[in-house]
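Chemist: I am sharing data.cif, which consists of mmCIF, C-alpha atoms and all ligand atoms:
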data_final
#
loop_
_atom_site.label_atom_id
_atom_site.label_comp_id
_atom_site.auth_asym_id
_atom_site.auth_seq_id
_atom_site.Cartn_x
_atom_site.Cartn_y
_atom_site.Cartn_z
CA MET D 12 -48.78 -6.66 119.62
CA SER D 13 -45.22 -6.41 120.85
CA VAL D 14 -43.24 -7.24 117.72
CA ARG D 15 -41.71 -4.09 116.34
CA VAL D 16 -41.57 -3.44 112.61
CA ALA D 17 -38.61 -1.75 110.97
CA GLN D 18 -38.29 2.01 111.29
CA ARG D 19 -38.16 2.30 107.54
CA PHE D 20 -41.95 2.07 107.36
CA ALA D 21 -42.33 5.41 109.09
CA GLY D 22 -43.78 7.65 106.42
CA VAL D 23 -44.29 4.86 103.87
CA GLU D 24 -47.94 4.69 102.90
CA ARG D 25 -49.75 1.88 101.15
CA SER D 26 -49.98 2.40 97.40
CA ALA D 27 -52.97 4.64 96.72
CA THR D 28 -53.22 3.40 93.13
CA VAL D 29 -53.07 -0.27 94.08
CA ALA D 30 -55.61 0.39 96.84
CA LEU D 31 -57.94 1.93 94.24
CA LEU D 32 -57.59 -1.10 91.97
CA GLU D 33 -58.48 -3.30 94.92
CA THR D 34 -61.48 -1.13 95.87
CA VAL D 35 -62.82 -1.50 92.35
CA GLN D 36 -62.34 -5.28 92.41
CA ARG D 37 -64.10 -5.51 95.78
CA LEU D 38 -67.05 -3.32 94.76
CA ARG D 39 -67.51 -5.36 91.60
CA ARG D 40 -67.58 -8.57 93.63
CA GLU D 41 -70.31 -6.94 95.73
CA GLY D 42 -72.29 -6.27 92.55
CA VAL D 43 -71.71 -2.51 92.26
CA GLU D 44 -71.45 -1.35 88.65
CA VAL D 45 -68.27 0.65 89.02
CA LEU D 46 -66.94 2.72 86.16
CA ASP D 47 -63.23 2.55 86.83
CA LEU D 48 -61.07 5.42 85.68
CA SER D 49 -58.67 5.08 88.56
CA GLY D 50 -55.93 2.72 87.52
CA GLY D 51 -53.25 2.38 84.91
CA GLU D 52 -54.76 -0.80 83.55
CA PRO D 53 -55.21 -1.09 79.77
CA ASP D 54 -58.60 -2.67 78.98
CA PHE D 55 -57.19 -4.38 75.87
CA ALA D 56 -56.47 -8.09 75.74
CA THR D 57 -52.79 -8.96 75.63
CA PRO D 58 -51.87 -9.32 71.90
CA SER D 59 -52.24 -12.91 70.72
CA PRO D 60 -48.60 -13.46 69.59
CA VAL D 61 -47.62 -12.79 73.20
CA VAL D 62 -50.14 -15.25 74.62
CA THR D 63 -49.16 -17.89 72.06
CA ALA D 64 -45.47 -17.53 72.91
CA ALA D 65 -46.17 -18.06 76.61
CA VAL D 66 -48.42 -21.07 76.03
CA THR D 67 -45.87 -22.63 73.69
CA ALA D 68 -43.10 -22.09 76.24
CA LEU D 69 -45.24 -23.68 78.96
CA ARG D 70 -46.01 -26.68 76.75
CA ASP D 71 -42.32 -26.95 75.88
CA GLY D 72 -41.53 -27.31 79.55
CA GLU D 73 -39.95 -23.89 80.08
CA THR D 74 -41.03 -23.89 83.69
CA HIS D 75 -37.69 -23.72 85.48
CA TYR D 76 -35.25 -21.07 86.70
CA THR D 77 -33.65 -19.01 83.98
CA PRO D 78 -30.36 -17.12 84.28
CA SER D 79 -30.92 -14.34 86.81
CA ARG D 80 -30.47 -11.61 84.18
CA GLY D 81 -33.00 -13.27 81.89
CA VAL D 82 -33.02 -15.63 78.93
CA PRO D 83 -30.48 -14.64 76.26
CA GLU D 84 -33.15 -14.19 73.57
CA LEU D 85 -35.00 -11.60 75.64
CA LEU D 86 -31.79 -9.81 76.65
CA GLU D 87 -30.89 -9.61 72.95
CA ALA D 88 -34.36 -8.37 72.07
CA VAL D 89 -34.22 -5.66 74.76
CA ALA D 90 -30.73 -4.52 73.74
CA GLY D 91 -31.78 -4.57 70.07
CA LYS D 92 -34.88 -2.52 70.83
CA LEU D 93 -32.94 0.02 72.90
CA ALA D 94 -30.42 0.47 70.07
CA ALA D 95 -32.98 0.66 67.27
CA GLU D 96 -35.75 2.67 68.92
CA ASN D 97 -34.05 4.63 71.67
CA GLY D 98 -30.51 5.28 70.51
CA VAL D 99 -29.22 3.60 73.66
CA ALA D 100 -26.34 1.13 73.35
CA VAL D 101 -26.14 -1.59 76.00
CA ASP D 102 -24.39 -4.92 76.03
CA PRO D 103 -27.09 -7.62 76.06
CA GLU D 104 -24.94 -9.83 78.26
CA ARG D 105 -23.84 -7.27 80.82
CA GLY D 106 -26.03 -4.19 80.49
CA VAL D 107 -29.57 -5.55 80.91
CA ILE D 108 -31.56 -7.33 83.61
CA VAL D 109 -35.04 -8.61 82.90
CA THR D 110 -37.17 -8.14 86.01
CA PRO D 111 -40.58 -9.28 87.20
CA SER D 112 -42.19 -5.85 86.49
CA ALA D 113 -41.01 -2.31 86.01
CA LYS D 114 -41.77 -1.78 89.68
CA GLN D 115 -39.17 -4.36 90.60
CA ALA D 116 -36.72 -2.79 88.14
CA LEU D 117 -37.22 0.61 89.77
CA PHE D 118 -36.82 -0.79 93.24
CA THR D 119 -33.65 -2.58 92.16
CA ALA D 120 -32.30 0.61 90.56
CA LEU D 121 -32.88 2.68 93.69
CA MET D 122 -31.50 -0.09 95.91
CA THR D 123 -28.37 -0.10 93.75
CA LEU D 124 -27.82 3.64 93.97
CA LEU D 125 -29.02 4.84 97.37
CA ASP D 126 -27.67 4.34 100.85
CA PRO D 127 -29.82 4.98 103.91
CA GLY D 128 -30.06 8.73 104.38
CA ASP D 129 -29.35 9.52 100.73
CA GLU D 130 -31.73 11.64 98.71
CA VAL D 131 -33.44 11.15 95.38
CA ILE D 132 -35.05 14.12 93.70
CA VAL D 133 -38.53 13.26 92.47
CA PRO D 134 -40.29 15.84 90.29
CA THR D 135 -43.94 15.94 91.40
CA PRO D 136 -46.82 15.32 90.84
CA ALA D 137 -45.33 11.84 90.47
CA TRP D 138 -46.44 8.25 90.50
CA VAL D 139 -47.08 7.16 94.07
CA SER D 140 -44.48 4.42 94.35
CA TYR D 141 -41.32 6.50 93.84
CA PRO D 142 -41.18 8.10 97.28
CA ALA D 143 -42.41 4.89 98.91
CA MET D 144 -39.62 2.87 97.31
CA ALA D 145 -37.03 5.39 98.50
CA GLY D 146 -38.52 5.14 102.00
CA LEU D 147 -38.43 1.34 101.96
CA ILE D 148 -34.67 1.42 101.46
CA GLY D 149 -34.14 4.09 104.10
CA ALA D 150 -33.48 6.87 101.62
CA ARG D 151 -35.47 10.06 101.20
CA ALA D 152 -37.42 11.37 98.25
CA VAL D 153 -37.15 15.12 97.85
CA ALA D 154 -40.01 16.56 95.83
CA ALA D 155 -39.33 19.12 93.14
CA GLU D 156 -42.74 20.57 92.44
CA LEU D 157 -43.62 21.06 88.78
CA ARG D 158 -46.08 23.70 87.65
CA ALA D 159 -49.10 23.22 85.45
CA ASP D 160 -48.58 26.62 83.82
CA ASP D 161 -45.12 25.43 82.66
CA GLY D 162 -46.75 22.28 81.24
CA PHE D 163 -45.16 20.27 84.10
CA ARG D 164 -41.71 20.76 82.54
CA MET D 165 -38.57 20.44 84.60
CA SER D 166 -36.06 23.27 84.69
CA ARG D 167 -32.45 23.39 85.77
CA ARG D 168 -33.32 26.12 88.28
CA MET D 169 -35.97 24.11 90.14
CA LEU D 170 -33.68 21.09 90.26
CA GLU D 171 -30.75 23.16 91.59
CA GLU D 172 -32.97 24.31 94.46
CA ARG D 173 -33.37 20.71 95.60
CA VAL D 174 -29.76 19.49 95.60
CA THR D 175 -28.03 18.82 98.89
CA GLY D 176 -24.85 17.00 99.88
CA ARG D 177 -26.92 13.80 100.14
CA THR D 178 -28.48 13.91 96.68
CA ARG D 179 -27.49 10.87 94.63
CA VAL D 180 -30.26 10.35 92.10
CA LEU D 181 -32.72 12.26 89.96
CA LEU D 182 -35.75 10.22 89.03
CA VAL D 183 -37.36 11.05 85.69
CA ASN D 184 -40.59 9.62 84.31
CA THR D 185 -41.34 10.28 80.66
CA PRO D 186 -44.07 10.19 79.42
CA ALA D 187 -45.17 11.07 82.92
CA ASN D 188 -47.80 9.57 85.15
CA PRO D 189 -49.98 11.43 86.19
CA THR D 190 -49.31 14.64 84.23
CA GLY D 191 -48.88 13.22 80.72
CA HIS D 192 -45.87 15.44 80.09
CA VAL D 193 -43.33 14.17 77.55
CA LEU D 194 -39.75 15.28 77.96
CA ASP D 195 -38.51 17.60 75.22
CA ARG D 196 -34.91 17.89 74.05
CA GLU D 197 -34.12 21.20 75.72
CA GLU D 198 -35.45 19.93 79.03
CA ALA D 199 -33.52 16.67 78.60
CA GLU D 200 -30.28 18.55 77.94
CA GLU D 201 -30.78 20.63 81.08
CA ILE D 202 -31.37 17.48 83.11
CA VAL D 203 -28.22 15.81 81.83
CA ALA D 204 -26.12 18.95 82.41
CA PHE D 205 -27.51 19.12 85.95
CA ALA D 206 -26.76 15.44 86.62
CA VAL D 207 -23.21 15.77 85.26
CA GLU D 208 -22.54 18.93 87.27
CA HIS D 209 -23.60 17.29 90.55
CA ASP D 210 -22.41 13.80 89.63
CA LEU D 211 -25.88 12.31 90.06
CA ALA D 212 -27.31 9.11 88.67
CA LEU D 213 -30.45 9.28 86.54
CA VAL D 214 -33.16 6.67 86.94
CA VAL D 215 -35.51 7.03 84.01
CA ASP D 216 -38.89 5.32 83.96
CA GLU D 217 -39.99 5.01 80.33
CA ILE D 218 -42.91 2.63 80.80
CA TYR D 219 -45.29 4.85 78.78
CA GLU D 220 -42.85 5.41 75.91
CA LYS D 221 -45.15 3.87 73.28
CA ILE D 222 -48.04 6.12 74.25
CA VAL D 223 -47.22 9.55 72.81
CA TYR D 224 -49.79 11.58 70.84
CA ASP D 225 -49.89 14.04 67.95
CA GLY D 226 -46.86 12.52 66.26
CA GLY D 227 -44.67 13.48 69.23
CA ALA D 228 -41.59 11.42 69.96
CA HIS D 229 -40.36 9.81 73.12
CA LEU D 230 -36.79 10.74 73.99
CA SER D 231 -34.59 8.42 76.06
CA LEU D 232 -32.35 10.39 78.39
CA ALA D 233 -29.63 7.74 78.10
CA SER D 234 -29.25 8.61 74.41
CA LEU D 235 -27.99 12.13 75.18
CA PRO D 236 -24.24 12.81 75.15
CA GLY D 237 -22.76 12.26 78.60
CA ALA D 238 -25.87 10.56 79.96
CA ALA D 239 -25.36 6.84 79.30
CA GLU D 240 -22.67 6.31 81.93
CA ARG D 241 -24.94 7.62 84.70
CA THR D 242 -28.37 6.44 83.57
CA LEU D 243 -30.39 3.40 84.51
CA THR D 244 -33.29 3.06 82.10
CA VAL D 245 -36.37 1.28 83.40
CA ASN D 246 -39.15 -0.04 81.24
CA GLY D 247 -41.93 -2.59 81.41
CA PHE D 248 -44.43 -4.50 79.35
CA SER D 249 -47.58 -3.65 81.34
CA LYS D 250 -48.73 -0.57 79.47
CA ALA D 251 -47.46 -0.81 75.89
CA TYR D 252 -48.51 -4.45 75.44
CA ALA D 253 -51.46 -4.60 77.87
CA MET D 254 -49.58 -7.07 80.06
CA THR D 255 -50.17 -5.75 83.60
CA GLY D 256 -50.78 -9.18 85.11
CA TRP D 257 -47.76 -10.81 83.50
CA ARG D 258 -45.26 -8.85 85.58
CA LEU D 259 -42.36 -8.20 83.23
CA GLY D 260 -39.95 -5.29 82.92
CA TYR D 261 -36.29 -4.50 82.58
CA LEU D 262 -33.42 -2.39 83.76
CA ALA D 263 -30.64 -1.33 81.40
CA GLY D 264 -27.51 0.74 81.83
CA PRO D 265 -23.79 0.87 82.44
CA GLU D 266 -22.16 -2.45 83.24
CA PRO D 267 -20.69 -1.51 86.66
CA LEU D 268 -24.15 -0.52 87.90
CA ILE D 269 -25.91 -3.50 86.35
CA ALA D 270 -23.33 -5.82 87.95
CA GLN D 271 -24.42 -4.59 91.40
CA ALA D 272 -28.10 -4.50 90.50
CA LEU D 273 -27.84 -8.15 89.52
CA LYS D 274 -27.05 -9.00 93.13
CA VAL D 275 -30.39 -7.51 94.19
CA GLN D 276 -32.16 -9.65 91.61
CA GLU D 277 -30.21 -12.83 92.47
CA HIS D 278 -30.86 -12.52 96.19
CA THR D 279 -34.51 -11.53 95.99
CA VAL D 280 -36.48 -12.91 93.04
CA SER D 281 -33.79 -14.96 91.20
CA CYS D 282 -35.30 -14.30 87.80
CA ALA D 283 -38.43 -13.20 86.00
CA THR D 284 -40.93 -15.98 85.27
CA SER D 285 -39.50 -18.28 82.60
CA PHE D 286 -42.41 -18.54 80.15
CA VAL D 287 -43.31 -14.88 80.63
CA GLN D 288 -39.86 -14.01 79.35
CA ARG D 289 -40.70 -15.89 76.13
CA ALA D 290 -43.85 -13.81 75.90
CA GLY D 291 -41.65 -10.74 76.30
CA VAL D 292 -39.64 -11.65 73.20
CA ALA D 293 -42.88 -11.86 71.21
CA ALA D 294 -44.06 -8.53 72.65
CA LEU D 295 -40.89 -6.77 71.53
CA THR D 296 -40.69 -8.35 68.11
CA ARG D 297 -44.21 -9.23 66.90
CA THR D 298 -46.75 -6.71 68.14
CA ALA D 299 -46.07 -3.51 66.16
CA ASP D 300 -49.59 -3.55 64.66
CA ASP D 301 -51.28 -4.21 67.99
CA VAL D 302 -49.34 -1.40 69.66
CA ALA D 303 -50.20 1.01 66.83
CA ALA D 304 -53.90 0.06 67.05
CA MET D 305 -53.95 0.61 70.82
CA LEU D 306 -52.29 4.02 70.45
CA LYS D 307 -54.87 5.03 67.85
CA GLU D 308 -57.66 4.07 70.20
CA TYR D 309 -56.06 5.84 73.18
CA ALA D 310 -55.84 8.97 71.03
CA VAL D 311 -59.61 8.90 70.42
CA ARG D 312 -60.30 8.27 74.10
CA ARG D 313 -57.99 11.11 75.09
CA GLU D 314 -60.01 13.60 73.04
CA MET D 315 -63.32 12.24 74.39
CA THR D 316 -62.19 12.35 77.99
CA VAL D 317 -60.63 15.79 77.90
CA ALA D 318 -63.63 17.26 76.05
CA ALA D 319 -66.04 15.77 78.59
CA LEU D 320 -63.98 17.14 81.48
CA ASN D 321 -63.77 20.63 80.03
CA ALA D 322 -67.56 20.68 79.69
CA LEU D 323 -67.98 20.30 83.46
CA PRO D 324 -68.42 23.43 85.59
CA GLY D 325 -65.30 24.22 87.59
CA VAL D 326 -63.13 21.69 85.75
CA THR D 327 -60.39 22.32 83.20
CA CYS D 328 -58.11 19.80 81.59
CA ALA D 329 -55.24 20.10 79.12
CA LEU D 330 -54.61 17.41 76.51
CA PRO D 331 -51.87 15.13 77.86
CA GLU D 332 -48.94 14.70 75.47
CA GLY D 333 -48.42 11.07 76.46
CA ALA D 334 -49.51 8.18 78.71
CA PHE D 335 -53.22 7.50 79.20
CA TYR D 336 -54.27 9.80 82.01
CA ALA D 337 -56.22 13.06 82.00
CA PHE D 338 -54.99 15.24 84.85
CA ALA D 339 -57.90 17.57 85.47
CA ASP D 340 -57.83 20.77 87.48
CA VAL D 341 -60.89 20.64 89.73
CA ARG D 342 -60.13 23.63 91.93
CA GLY D 343 -63.04 25.52 90.40
CA THR D 344 -65.47 23.04 91.94
CA GLY D 345 -64.54 24.15 95.44
CA LEU D 346 -63.77 20.53 96.36
CA THR D 347 -60.44 19.09 97.43
CA SER D 348 -59.13 16.36 95.16
CA ALA D 349 -59.90 13.71 97.78
CA ALA D 350 -63.44 15.04 98.30
CA PHE D 351 -63.98 15.14 94.54
CA ALA D 352 -62.83 11.54 94.14
CA GLN D 353 -64.90 10.42 97.12
CA ARG D 354 -68.05 12.07 95.82
CA LEU D 355 -67.58 10.45 92.45
CA LEU D 356 -67.26 7.09 94.12
CA ASP D 357 -70.12 7.52 96.61
CA GLU D 358 -72.61 9.28 94.39
CA ALA D 359 -71.80 7.95 90.92
CA ALA D 360 -69.69 4.79 91.40
CA VAL D 361 -66.95 6.32 89.24
CA THR D 362 -63.40 5.83 90.51
CA VAL D 363 -60.64 8.35 89.86
CA ALA D 364 -57.33 8.97 91.61
CA PRO D 365 -57.10 12.11 93.76
CA GLY D 366 -54.19 14.35 92.79
CA SER D 367 -53.12 14.62 96.43
CA ALA D 368 -51.82 11.04 96.17
CA PHE D 369 -49.17 12.20 93.70
CA GLY D 370 -47.34 14.53 96.06
CA PRO D 371 -46.72 18.30 96.03
CA GLY D 372 -48.51 19.98 93.15
CA GLY D 373 -51.15 17.25 92.94
CA GLU D 374 -53.77 18.81 95.22
CA GLY D 375 -56.55 20.42 93.23
CA TYR D 376 -56.29 17.83 90.45
CA VAL D 377 -57.76 14.41 89.81
CA ARG D 378 -56.34 11.76 87.51
CA LEU D 379 -58.71 9.92 85.20
CA SER D 380 -57.39 6.97 83.26
CA PHE D 381 -58.67 6.66 79.71
CA ALA D 382 -57.31 3.14 79.35
CA ALA D 383 -60.98 2.20 79.74
CA SER D 384 -63.36 1.44 76.86
CA ARG D 385 -65.26 4.21 75.04
CA GLU D 386 -68.50 2.84 76.51
CA VAL D 387 -67.15 3.18 80.04
CA LEU D 388 -65.79 6.66 79.31
CA GLU D 389 -69.12 7.79 77.85
CA ALA D 390 -71.09 6.39 80.77
CA ALA D 391 -68.67 8.00 83.24
CA ALA D 392 -69.00 11.35 81.44
CA GLU D 393 -72.80 11.10 81.79
CA ARG D 394 -72.62 10.34 85.48
CA LEU D 395 -70.12 13.16 86.00
CA THR D 396 -72.31 15.65 84.15
CA ARG D 397 -75.24 14.70 86.38
CA LEU D 398 -73.14 15.10 89.52
CA ALA D 399 -71.59 18.36 88.37
CA GLY D 400 -74.98 20.06 88.58
CA GLY D 401 -74.94 19.20 92.29
CA TRP D 402 -71.53 20.56 93.08
CA ALA D 403 -72.16 23.75 91.10
CA ALA D 404 -75.29 24.27 93.23
CA ASP D 405 -73.32 23.59 96.45
CA ALA D 406 -70.65 26.08 95.43
CA GLY D 407 -73.38 28.61 94.63
CA ALA D 408 -74.96 28.10 98.04
CA ARG D 409 -71.56 28.80 99.66
CA GLY D 410 -71.29 31.98 97.63
CA ASN D 411 -68.32 30.79 95.51
N1 LIG Q 501 -43.96 3.32 86.43
C1 LIG Q 501 -45.08 4.03 86.26
C2 LIG Q 501 -44.98 5.49 85.99
C3 LIG Q 501 -46.33 3.41 86.34
O1 LIG Q 501 -47.44 4.12 86.18
C4 LIG Q 501 -46.39 2.03 86.61
C5 LIG Q 501 -47.75 1.40 86.71
N2 LIG Q 501 -47.95 0.42 87.54
C6 LIG Q 501 -45.18 1.34 86.79
C7 LIG Q 501 -43.99 2.01 86.69
C8 LIG Q 501 -45.10 -0.11 87.14
O2 LIG Q 501 -45.41 -0.96 86.11
P1 LIG Q 501 -45.31 -2.54 86.27
O3 LIG Q 501 -46.69 -3.05 86.04
O4 LIG Q 501 -44.36 -3.00 85.22
O5 LIG Q 501 -44.80 -2.81 87.62
N1 LIG Q 502 -49.34 2.44 87.62
C1 LIG Q 502 -50.76 2.34 87.69
C2 LIG Q 502 -51.35 3.58 88.30
O1 LIG Q 502 -50.65 4.56 88.47
C3 LIG Q 502 -51.24 1.03 88.26
C4 LIG Q 502 -51.21 0.85 89.75
C5 LIG Q 502 -49.82 0.81 90.31
O2 LIG Q 502 -49.09 -0.14 90.02
O3 LIG Q 502 -49.47 1.75 90.99
O4 LIG Q 502 -52.52 3.59 88.58
#
Could the structure of this file be written out as structure tokens, please?
Ligand code: PMP
Ligand code: GLU
Modeler:
Amino acid sequence: MSVRVAQRFAGVERSATVALLETVQRLRREGVEVLDLSGGEPDFATPSPVVTAAVTALRDGETHYTPSRGVPELLEAVAGKLAAENGVAVDPERGVIVTPSAKQALFTALMTLLDPGDEVIVPTPAWVSYPAMAGLIGARAVAAELRADDGFRMSRRMLEERVTGRTRVLLVNTPANPTGHVLDREEAEEIVAFAVEHDLALVVDEIYEKIVYDGGAHLSLASLPGAAERTLTVNGFSKAYAMTGWRLGYLAGPEPLIAQALKVQEHTVSCATSFVQRAGVAALTRTADDVAAMLKEYAVRREMTVAALNALPGVTCALPEGAFYAFADVRGTGLTSAAFAQRLLDEAAVTVAPGSAFGPGGEGYVRLSFAASREVLEAAAERLTRLAGGWAADAGARGN
């Protein structure tokens, strides 16, 4: 083929997490009984007030373009939620854009802030799409490797080591995928001081904010003194409200940045889907009980999953503070993370995400999602226990 594709694809991989979701769907079509712990896909049904709101909007003929930023009711609901729950003040008319997914909001945020050649610091292990998005706009993600023995906390020192003259953005994800770390106040203050000192923007992905355990609290960076004017907050409906297929998210922040970001939205997707925006209003205003029930269930699954992992030879796993992933250290099995994930798939039809997909610091770990039912988690634990006997024997034969 002679047609050349843009240079920007050099170094941009396909999404490992999306590829895993597709592998699972394909195997299931082929009749394989896969136990899927690979993806960030809540197994719950979308809460019924959300479904009802969408159906009503469809029946009412809300099937046309909306204002590019979003329908006023949803913009109000987002701004109201940010003020009440996050301590973040934004103007609903000028400080929010409702996007078709958090992914799109993130892409828009990075597009707004980065020129080709600019750098964004991404603490790793990190969700797979951050560096890819930077690459797609010709910018460069610079990994700042977090350490498991520090609980995957960021420090001013490690961030300082990554700043160059081209650094424009620090990307923060809290609660974090895949590590489960939840930002604490001291860490947040260090991050803001660092961003102010180097005049950096902060892009903060808070999509797992509702999923924090042990009474812990999510902290929005934009609520810290000095942070709001340089922070774009990204959030989405996929995880908290089990709405992955609806594709709805938002971007909120200072008006001068949102004014530019709006151009990205206007010239690419126009607006988020009209009736889905109505569903978004219901999600933000009428699902508190559903969200609380899901969190309670995730908490049980977290304990089950981590206990099962720690019972396996060569595997250790800390309890994640937030999100719905167990990030297990499998170095003691003698397998690489990719080999571990492949063996689980080939020999037990259990899918997990290899840590190597999440960048520096991820090798030696695998990510298991516990957004799957207890039955699936129990069955997966059984299959893993059976397999573990095999890898312990292999390691023994190699003299490990
Ligand atoms: N951020 C993180 C950390 C995620 O894990 C995901 C999961 N897909 C997203 C953003 C994107 O969510 P959405 O479905 O809204 O695009
Ligand atoms: N965010 C999820 C994950 O990390 C879903 C897949 C994706 O959108 O990347 O598995």
Chemist: Taking all listed atoms of region 87-100 of chain D, build the axis-aligned box, pad each of the six sides by 6 Å, then write its centre and edge lengths in Å to one decimal as JSON.
Modeler:
{"center_x": -31.0, "center_y": -2.2, "center_z": 71.0, "size_x": 21.4, "size_y": 26.9, "size_z": 19.5}
Chemist: Could you list, as a PDB file with C-alpha atoms, keeping the file's coordinate frame, all residues that come within 7 Å of ligand LIG 502 (chain Q)? Count only C-alpha atoms and all ligand atoms.
Modeler:
ATOM      1  CA  SER D  26     -49.980   2.400  97.400  1.00  0.00           C
ATOM      2  CA  THR D  28     -53.220   3.400  93.130  1.00  0.00           C
ATOM      3  CA  VAL D  29     -53.070  -0.270  94.080  1.00  0.00           C
ATOM      4  CA  SER D  49     -58.670   5.080  88.560  1.00  0.00           C
ATOM      5  CA  GLY D  50     -55.930   2.720  87.520  1.00  0.00           C
ATOM      6  CA  GLY D  51     -53.250   2.380  84.910  1.00  0.00           C
ATOM      7  CA  GLU D  52     -54.760  -0.800  83.550  1.00  0.00           C
ATOM      8  CA  TRP D 138     -46.440   8.250  90.500  1.00  0.00           C
ATOM      9  CA  VAL D 139     -47.080   7.160  94.070  1.00  0.00           C
ATOM     10  CA  SER D 140     -44.480   4.420  94.350  1.00  0.00           C
ATOM     11  CA  ASN D 188     -47.800   9.570  85.150  1.00  0.00           C
TER      12      ASN D 188
END
Chemist: Nearest residue to Gly366 (chain D) out of D:Ala137, D:Val223, D:Met305, D:Ile132, using all atoms listed in the file?
Modeler: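 Between D:Ala137, D:Val223, D:Met305, D:Ile132, the residue approaching Gly366 (chain D) most closely is D:Ala137.
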Chemist: By how many Å are CA of Ser285 (chain D) and atom O3 of ligand LIG 501 (chain Q) apart?
Modeler: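 These atoms are spaced 17.2 Å apart.
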Chemist: If you measure from CA of Leu232 (chain D) to CA of Ala199 (chain D), what distance in Å do you get, rounded to one decimal?
Modeler: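 Spanning CA of Leu232 (chain D) to CA of Ala199 (chain D) is a straight-line distance of 6.4 Å.
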Chemist: For ligand LIG 501 (chain Q), list the contacting residues at 7 Å or closer, counting all atoms listed in the file, as number ranges by chain.
Modeler: D: 51, 112-115, 138, 184, 187-188, 216, 218, 247-249, 255, 258-260
Chemist: Fewer than 6 positions away in the same chain doesn't count, so skip those; otherwise give me all residues within 9 Å of Ala383 (chain D), counting all atoms listed in the file, as JSON, numbers by chain.
Modeler: {"D": [46, 47, 48, 52, 53, 54, 55, 309, 312]}
Chemist: Those same residues - C-alpha atoms - I'd like them written as a compact mmCIF listing (two decimals), in the coordinates of the input.
Modeler:
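Resulting contents of result-v4.txt:
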# COMPACT_ATOMS: atom_id res chain seq x y z
CA LEU D 46 -66.94 2.72 86.16
CA ASP D 47 -63.23 2.55 86.83
CA LEU D 48 -61.07 5.42 85.68
CA GLU D 52 -54.76 -0.80 83.55
CA PRO D 53 -55.21 -1.09 79.77
CA ASP D 54 -58.60 -2.67 78.98
CA PHE D 55 -57.19 -4.38 75.87
CA TYR D 309 -56.06 5.84 73.18
CA ARG D 312 -60.30 8.27 74.10
Chemist: Counting only C-alpha atoms, figure out which residue out of D:Thr347, D:Gln288, D:Thr296, D:Asn97 gets nearest to Val66 (chain D).
Modeler: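 Among D:Thr347, D:Gln288, D:Thr296, D:Asn97, it is D:Gln288 that comes nearest to Val66 (chain D).
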Chemist: Using the partial input, fill out region 66-77 of chain D with N, CA and C atoms; write the result as a PDB file, in the frame of the given file.
Modeler:
ATOM      1  N   VAL D  66     -47.815 -19.728  75.989  1.00  0.00           N
ATOM      2  CA  VAL D  66     -48.420 -21.070  76.030  1.00  0.00           C
ATOM      3  C   VAL D  66     -47.452 -22.084  75.430  1.00  0.00           C
ATOM      4  N   THR D  67     -46.828 -21.720  74.326  1.00  0.00           N
ATOM      5  CA  THR D  67     -45.870 -22.630  73.690  1.00  0.00           C
ATOM      6  C   THR D  67     -44.719 -22.920  74.657  1.00  0.00           C
ATOM      7  N   ALA D  68     -44.218 -21.896  75.304  1.00  0.00           N
ATOM      8  CA  ALA D  68     -43.100 -22.090  76.240  1.00  0.00           C
ATOM      9  C   ALA D  68     -43.513 -23.008  77.390  1.00  0.00           C
ATOM     10  N   LEU D  69     -44.734 -22.807  77.877  1.00  0.00           N
ATOM     11  CA  LEU D  69     -45.240 -23.680  78.960  1.00  0.00           C
ATOM     12  C   LEU D  69     -45.302 -25.131  78.485  1.00  0.00           C
ATOM     13  N   ARG D  70     -45.875 -25.315  77.291  1.00  0.00           N
ATOM     14  CA  ARG D  70     -46.010 -26.680  76.750  1.00  0.00           C
ATOM     15  C   ARG D  70     -44.648 -27.301  76.494  1.00  0.00           C
ATOM     16  N   ASP D  71     -43.672 -26.444  76.153  1.00  0.00           N
ATOM     17  CA  ASP D  71     -42.320 -26.950  75.880  1.00  0.00           C
ATOM     18  C   ASP D  71     -41.532 -27.200  77.167  1.00  0.00           C
ATOM     19  N   GLY D  72     -42.190 -27.007  78.274  1.00  0.00           N
ATOM     20  CA  GLY D  72     -41.530 -27.310  79.550  1.00  0.00           C
ATOM     21  C   GLY D  72     -40.592 -26.217  80.056  1.00  0.00           C
ATOM     22  N   GLU D  73     -40.813 -24.988  79.586  1.00  0.00           N
ATOM     23  CA  GLU D  73     -39.950 -23.890  80.080  1.00  0.00           C
ATOM     24  C   GLU D  73     -40.515 -23.371  81.397  1.00  0.00           C
ATOM     25  N   THR D  74     -40.401 -24.200  82.404  1.00  0.00           N
ATOM     26  CA  THR D  74     -41.030 -23.890  83.690  1.00  0.00           C
ATOM     27  C   THR D  74     -39.993 -23.949  84.818  1.00  0.00           C
ATOM     28  N   HIS D  75     -38.753 -23.634  84.478  1.00  0.00           N
ATOM     29  CA  HIS D  75     -37.690 -23.720  85.480  1.00  0.00           C
ATOM     30  C   HIS D  75     -36.987 -22.374  85.619  1.00  0.00           C
ATOM     31  N   TYR D  76     -36.043 -22.291  86.561  1.00  0.00           N
ATOM     32  CA  TYR D  76     -35.250 -21.070  86.700  1.00  0.00           C
ATOM     33  C   TYR D  76     -34.580 -20.735  85.374  1.00  0.00           C
ATOM     34  N   THR D  77     -34.465 -19.457  85.118  1.00  0.00           N
ATOM     35  CA  THR D  77     -33.650 -19.010  83.980  1.00  0.00           C
ATOM     36  C   THR D  77     -32.415 -18.320  84.573  1.00  0.00           C
TER      37      THR D  77
END
